[in-house]
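One structure is given here, and the rest of the page talks about it.
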Amino acid sequence: MIVGIPKEIKNNEFRVAMTPAGVAELVKNGHRVVVETTAGTGSGFADADYQHAGAEILENAEAVFSTAKMIVKVKEPQAVERARLTKEHTLFTYLHLAPDPEQTADLVNSQATCIAYETVTDALGRLPLLAPMSEVAGRMSIQAGAYALEKSRAGRGMLLGGVPGVSPAKVVIIGGGVVGRNAAQMAVGMRADVTILDRSIDVLRAIDAEFDGRVKTIFSTSLALEEQVLAADLVIGSVLIPGAAAPKLVSAEMVKKMKPGAAVVDVAIDQGGCFATAKATTHAEPTYIVDDVVHYCVANMPGAVARTSTYALSNATLPYIIKLANLGAEAALKQDNYLLEGLNVRHGKVTCESVATELGYDFVPALETL
Ligand SMILES: NC(=O)C1=CN([C@@H]2O[C@H](COP(=O)(O)OP(=O)(O)OC[C@H]3O[C@@H](n4cnc5c(N)ncnc54)[C@H](O)[C@@H]3O)[C@@H](O)[C@H]2O)C=CC1
Ligand SMILES: CC(=O)C(=O)O
Ligand SMILES: [Mg+2]
């Protein structure tokens, strides 16, 4: 198969979908790989590194899309990229369709086979292609939040860990999954006062055991959530209902009642965000203020630490890319039910139920499109 790696074009997105080492694996498996010139520069890989690995360098994205059958990316295709997709293409990348009607309509119209990293599952019910970026974003959320609490960003002027004689900041994490636990690790390391809310008691049990009492766990009800958010200096939004738009757990009224200068980092913004006041921002201008509360809502947080993130993402995606290339998308999807969960749109049909429900499409079970 011909596999294409375009350069990412989202604002301040420096990741690339494959490392030269991944390309070498594909080439070893008998595939042709075409890479857009300078696609790897932001992650520290030169065109020559990809050439050494056996890839061909093409001069622009147009050439990559028209040459390759499978397009492997990091972020959801932007409008100009969507216009290049055809029925012959398989697209393998993050999509986050539920909060994005324009993208969904374009992918439906393209007739392409669109597999979303974030809804691929594994035998334990986890999300193996979301997890590495959730680890990165969870860890970053605390440094972003610490920065947002500084006076220069209109924050409360608090140091997360306090100092001897002065209390640490109160960090509240909503959602104790991969993002939430990684955020907690960093916040505990910085000596903040950390509380995690989740609606799964098993998740709270595991966190209680993992942190050995250094993190408080609270079962997430609307009342408990409001109490915690109003007492917080920094709130991390990290809930997920796979495929669906994030539930708006923190209302605009609640934000109004938060402490002046408190900060929120809505990591779940890629699924629309769990704060009613959240709107996606970019690394170029990551924060804005609503009712004296500093909001950080960057939808591609890992793009800022591209080298770490590119390695982490491609470690996870490579086996799936090889399988899709070796078998072809149709056979690979038929053979692997967990990969099949990643299929969101194919040949004009929406095959992810939560996306269909959210955006008013007829849901067509994925197998029926194969
Ligand atoms: N902004 C960015 O750059 C990035 C955003 N993300 C996003 O972060 C979000 C979280 O991802 P993960 O941690 O990997 O998901 P996860 O599935 O590991 O964890 C989500 C947790 O939320 C909990 N939850 C669901 N509804 C809840 C509620 N009403 N109250 C409390 N807890 C609730 C679940 O029980 C689960 O433990 C996702 O939207 C993901 O796409 C991930 C990576 C990068
Ligand atoms: C998961 C995601 O949205 C990202 O890594 O950018
Ligand atoms: Mg206020």
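By order of appearance in the structure tokens: chains A, B, ..., then residues from 1 within every chain, and ligands from 1 in the order shown.
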Once you count only C-alpha atoms and all ligand atoms, which residues end up within 8 Å of ligand 1, and could you hand them over as an MDAnalysis selection string?
chainID A and resid 96 118 126:127 130:138 174:181 197:200 203 219:221 237:242 246:247 249 266:273 297:303
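Using only C-alpha atoms and all ligand atoms, we find that the residues with an atom at most 6 Å from any atom of ligand 3 are Lys256, Lys257, Met258, Lys259, Pro260, Asp291 and Asp292 of chain A.
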Could you take the residues named above and write them with N, CA and C atoms, as a PDB file, in the first residue's frame?
```pdb
ATOM      1  N   LYS A 256     -19.074  31.780  37.538  1.00  0.00           N
ATOM      2  CA  LYS A 256     -19.260  33.128  38.099  1.00  0.00           C
ATOM      3  C   LYS A 256     -18.974  33.138  39.604  1.00  0.00           C
ATOM      4  N   LYS A 257     -19.319  32.024  40.262  1.00  0.00           N
ATOM      5  CA  LYS A 257     -19.153  31.968  41.726  1.00  0.00           C
ATOM      6  C   LYS A 257     -17.761  31.494  42.160  1.00  0.00           C
ATOM      7  N   MET A 258     -16.904  31.133  41.192  1.00  0.00           N
ATOM      8  CA  MET A 258     -15.550  30.677  41.563  1.00  0.00           C
ATOM      9  C   MET A 258     -14.736  31.843  42.117  1.00  0.00           C
ATOM     10  N   LYS A 259     -13.619  31.492  42.775  1.00  0.00           N
ATOM     11  CA  LYS A 259     -12.761  32.546  43.336  1.00  0.00           C
ATOM     12  C   LYS A 259     -12.199  33.416  42.202  1.00  0.00           C
ATOM     13  N   PRO A 260     -12.136  34.712  42.375  1.00  0.00           N
ATOM     14  CA  PRO A 260     -11.506  35.558  41.350  1.00  0.00           C
ATOM     15  C   PRO A 260     -10.044  35.149  41.187  1.00  0.00           C
ATOM     16  N   ASP A 291     -15.514  36.015  33.792  1.00  0.00           N
ATOM     17  CA  ASP A 291     -15.865  36.285  35.187  1.00  0.00           C
ATOM     18  C   ASP A 291     -14.663  36.112  36.123  1.00  0.00           C
ATOM     19  N   ASP A 292     -13.557  36.682  35.756  1.00  0.00           N
ATOM     20  CA  ASP A 292     -12.324  36.660  36.571  1.00  0.00           C
ATOM     21  C   ASP A 292     -11.695  35.276  36.704  1.00  0.00           C
TER      22      ASP A 292
END
```
In Å, rounded to a single decimal, give me how far atom CA of A:Gly348 is from atom CA of A:Gly243.
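Value for the atom CA of A:Gly243-atom CA of A:Gly348 distance: 18.1 Å.
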Skip A:Gly162 itself and residues of its chain fewer than 5 positions away, then list as a VMD selection string all residues within 8 Å of it, counting only C-alpha atoms.
chain A and resid 167 to 169 191 to 192
Those residues you just picked out, can you put them in a file as a PDB file, in the first residue's frame with C-alpha atoms?
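In the end it all went to again-v6.pdb:
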```pdb
ATOM      1  CA  SER A 167      -0.909  26.586  52.296  1.00  0.00           C
ATOM      2  CA  PRO A 168      -0.608  24.955  48.892  1.00  0.00           C
ATOM      3  CA  ALA A 169      -3.173  25.657  46.156  1.00  0.00           C
ATOM      4  CA  ARG A 191       2.919  19.455  46.575  1.00  0.00           C
ATOM      5  CA  ALA A 192      -0.517  20.862  45.750  1.00  0.00           C
TER       6      ALA A 192
END
```
Compile the contact shell of A:Ala53 as a list in words: residues with an atom at most 8 Å away, counting only C-alpha atoms, same-chain residues fewer than 6 positions apart removed.
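Returned residues: Pro20, Ala21, Val23, Ala24 and Val27 of chain A.
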Same residues, N, CA and C atoms, saved as a CSV table (one decimal), in the first residue's frame:
```
chain,number,residue,atom,x,y,z
A,20,PRO,N,10.8,8.4,11.6
A,20,PRO,CA,11.5,7.6,10.6
A,20,PRO,C,11.6,6.1,11.0
A,21,ALA,N,11.7,5.8,12.3
A,21,ALA,CA,11.7,4.4,12.6
A,21,ALA,C,10.5,3.7,12.2
A,23,VAL,N,8.5,4.5,9.8
A,23,VAL,CA,8.5,4.4,8.3
A,23,VAL,C,9.3,3.2,7.9
A,24,ALA,N,10.5,3.0,8.5
A,24,ALA,CA,11.3,1.9,8.2
A,24,ALA,C,10.6,0.6,8.4
A,27,VAL,N,8.2,0.1,5.4
A,27,VAL,CA,9.0,-0.2,4.2
A,27,VAL,C,9.4,-1.7,4.3
```
Backbone DSSP call of helix (DSSP H, G or I) for stretch 217-265 of chain A, listed as JSON, numbers by chain
{"A": [222, 223, 224, 225, 226, 227, 228, 229, 230, 231, 252, 253, 254, 255, 256, 257]}
Could you pull out the strand (DSSP E) residues of stretch 84-113 of chain A, going by DSSP on the backbone, and write them as JSON, numbers by chain?
{"A": [90, 91, 92, 93, 113]}
Resulting file, chosen residues, N, CA and C atoms, as a PDB file, in the first residue's frame:
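Final file, again-v2.pdb:
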```pdb
ATOM      1  N   THR A  90      -8.196   5.941   2.903  1.00  0.00           N
ATOM      2  CA  THR A  90      -8.417   5.621   4.317  1.00  0.00           C
ATOM      3  C   THR A  90      -7.687   6.699   5.104  1.00  0.00           C
ATOM      4  N   LEU A  91      -8.399   7.318   6.061  1.00  0.00           N
ATOM      5  CA  LEU A  91      -7.803   8.359   6.890  1.00  0.00           C
ATOM      6  C   LEU A  91      -7.698   7.824   8.310  1.00  0.00           C
ATOM      7  N   PHE A  92      -6.494   7.887   8.891  1.00  0.00           N
ATOM      8  CA  PHE A  92      -6.265   7.354  10.233  1.00  0.00           C
ATOM      9  C   PHE A  92      -5.643   8.477  11.059  1.00  0.00           C
ATOM     10  N   THR A  93      -6.418   9.014  12.027  1.00  0.00           N
ATOM     11  CA  THR A  93      -5.982  10.199  12.775  1.00  0.00           C
ATOM     12  C   THR A  93      -6.946  10.458  13.937  1.00  0.00           C
ATOM     13  N   THR A 113     -12.909   6.432   4.048  1.00  0.00           N
ATOM     14  CA  THR A 113     -12.973   5.568   5.234  1.00  0.00           C
ATOM     15  C   THR A 113     -12.184   6.270   6.331  1.00  0.00           C
TER      16      THR A 113
END
```
Within 10 Å of stretch 119-122 of chain A, counting only C-alpha atoms, which residues qualify if same-chain residues fewer than 4 places away don't, as a ChimeraX atom specification?
/A:94-96,115,126-130,242-244,320,336-344,352
A:Val3 environment, 9 Å, only C-alpha atoms, sequence neighbours closer than 6 positions dropped, as an mmCIF file with N, CA and C atoms, in the first residue's frame:
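The new file around_33.cif reads:
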```cif
data_model
loop_
_atom_site.group_PDB
_atom_site.id
_atom_site.type_symbol
_atom_site.label_atom_id
_atom_site.label_comp_id
_atom_site.auth_asym_id
_atom_site.auth_seq_id
_atom_site.Cartn_x
_atom_site.Cartn_y
_atom_site.Cartn_z
ATOM 1 N N LEU A 26 7.333 0.085 8.065
ATOM 2 C CA LEU A 26 6.373 -0.048 6.958
ATOM 3 C C LEU A 26 7.084 -0.487 5.676
ATOM 4 N N HIS A 31 5.788 -1.784 1.944
ATOM 5 C CA HIS A 31 4.935 -0.660 1.567
ATOM 6 C C HIS A 31 5.764 0.531 1.083
ATOM 7 N N ARG A 32 5.090 1.408 0.316
ATOM 8 C CA ARG A 32 5.723 2.643 -0.142
ATOM 9 C C ARG A 32 5.216 3.768 0.747
ATOM 10 N N VAL A 33 6.125 4.597 1.246
ATOM 11 C CA VAL A 33 5.715 5.686 2.148
ATOM 12 C C VAL A 33 6.115 7.023 1.529
ATOM 13 N N VAL A 34 5.141 7.935 1.422
ATOM 14 C CA VAL A 34 5.435 9.278 0.908
ATOM 15 C C VAL A 34 5.209 10.287 2.031
ATOM 16 N N VAL A 35 6.185 11.168 2.221
ATOM 17 C CA VAL A 35 6.164 12.122 3.333
ATOM 18 C C VAL A 35 6.264 13.535 2.751
ATOM 19 N N VAL A 64 0.942 14.387 -1.683
ATOM 20 C CA VAL A 64 0.819 13.268 -0.734
ATOM 21 C C VAL A 64 -0.591 12.675 -0.815
ATOM 22 N N THR A 67 -1.174 10.784 -4.117
ATOM 23 C CA THR A 67 -0.355 9.587 -4.336
ATOM 24 C C THR A 67 -0.778 8.440 -3.404
ATOM 25 N N ALA A 68 -1.112 8.783 -2.144
ATOM 26 C CA ALA A 68 -1.293 7.733 -1.127
ATOM 27 C C ALA A 68 -2.737 7.258 -1.037
ATOM 28 N N LYS A 69 -2.885 5.997 -0.650
ATOM 29 C CA LYS A 69 -4.223 5.423 -0.433
ATOM 30 C C LYS A 69 -4.611 5.598 1.038
ATOM 31 N N MET A 70 -3.622 5.456 1.925
ATOM 32 C CA MET A 70 -3.905 5.674 3.356
ATOM 33 C C MET A 70 -3.156 6.932 3.816
ATOM 34 N N ILE A 71 -3.920 7.849 4.419
ATOM 35 C CA ILE A 71 -3.332 9.081 4.955
ATOM 36 C C ILE A 71 -3.286 8.936 6.477
ATOM 37 N N VAL A 72 -2.083 9.039 7.032
ATOM 38 C CA VAL A 72 -1.936 8.947 8.488
ATOM 39 C C VAL A 72 -1.552 10.335 8.994
ATOM 40 N N ALA A 325 -2.065 -1.362 6.629
ATOM 41 C CA ALA A 325 -1.337 -1.391 5.358
ATOM 42 C C ALA A 325 -1.202 -2.828 4.844
#
```
Using only C-alpha atoms and all ligand atoms, the shortest atom-to-atom distance to ligand 2 among A:Ala366, A:Val355, A:Leu313, A:Ile196 belongs to A:Leu313
Taking only C-alpha atoms and all ligand atoms into account, name the residue in A:Lys28, A:Arg153, A:Lys75, A:Lys334 that is nearest to ligand 2.
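So, comparing all the options, the nearest one is A:Lys75.
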Counting only C-alpha atoms, the option among A:Leu359, A:Val166, A:Leu370, A:Ile322 closest to A:Gln103:
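Of A:Leu359, A:Val166, A:Leu370, A:Ile322, the one nearest A:Gln103 is A:Leu359, counting only C-alpha atoms.
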